[in-house]
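Structure first, commentary second.
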Amino acid sequence: MLRRAVLQTFRQGLAQSFYKRNAVSLSETTVTHQPIETSNEADEKSVSKQKPGDESGNTVVVAPPEFRFMYPEFLPDPAMERRNRLKEKLERIDMLQRRSVVEIPEFYTGSVMAVTVADANSPNKFARFVGICIQRGGSGLRAWFILRNVVDKQGVEILYEMYCPLIQKIEVLRLERRLDESLLYLRDALPEYSTFPLDMEPERRLNNSVVPINPLKVKLRPRPWLERWERQNLQGVEDLNLPQRFYDKAEKVAKPWEKYDLMLQYRKTIPAEEQEKIFADVHSQLQQQEFKRKMRRRRGTDNEQ
């Protein structure tokens, strides 16, 4: 009898564990991936994306999956020798405090931006630069982006640290994406692809509209180039019109097997479970900051009226 009672309790506990596991898996599958949206639309949809409560009855907020494209600097460096959990958490706290002082809008590679920084040598004590974002990288407080513009027929590039205390304002004049993640080939392209007026006004767009992808294909100048662009899989460049021997050399040095290397991809990325935890921590604070900005804007418009 005792053995039967023990066996029956074991079966009940096993059934309950299977039930809980299936419930968790079903709740995780409800979070579907959608095209990249603006931060306002993602915040509105995040209210419905909540996992069921745990045993204590508390609901766990799930950040939208678009956050990994909007705020990639919150993800740590995937190199294991540089990982430090405490340092990463402290950096995220500092980043959120900096964002509460200076608004860092959503932008991507290919967006036209304007950055105002404090400059003691300038007559106005500040300097403003307008350009297209050609590259973005770094993680944590070391996040950076590069703006490029052609001024007086001379290409000018400035690298900004996103959380530098000298930055006073960051504006997105044209929010869009390009076909490539890096636009360094604009250095060898015609000047008209990198020329923007310094007094450019921001373009108006709907709050809940999807970020557009600009299908523009850039025409490069004749060789020599700064890099061997024929060896890179570029989608936003016109036909290079090179002799066949250049393409033959590119095939010899190509590594098509790397896209099937799962361990290589694992080392270069942060697991999805860890990304979900990180963005869940910062999601609520980003929402509060956005709500406070909207209240300030409303108060400003009311005072003007």
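If you're wondering about the labels, chains in the structure tokens are A, B, ... by order shown, residues count from 1 in each chain, ligands from 1 in order shown.
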
According to DSSP computed on the backbone, where in segment 204-277 of chain A is there helix (DSSP H, G or I)? Give the residues as a PyMOL selection string.
chain A and resi 229-231+244-253+256-260+262-268+272-277

If you count only C-alpha atoms, which residues fall within 8 Å of Tyr247 of chain A, apart from same-chain ones fewer than 5 positions away, as a list in words?
Glu230, Arg231 and Leu242 of chain A

Pick from A:Glu273, A:Asn149, A:Gln135, A:Pro165 nearest to Glu192 of chain A, counting only C-alpha atoms:
A:Asn149

Which is closer to Val115 of chain A than all the others in A:Val218, A:Met263, A:Leu173, A:Ala143, using only C-alpha atoms?
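So, comparing all the options, the nearest one is A:Leu173.
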
Hey, can you check how far atom CA of Leu198 of chain A sits from atom CA of Leu147 of chain A?
12.5 Å
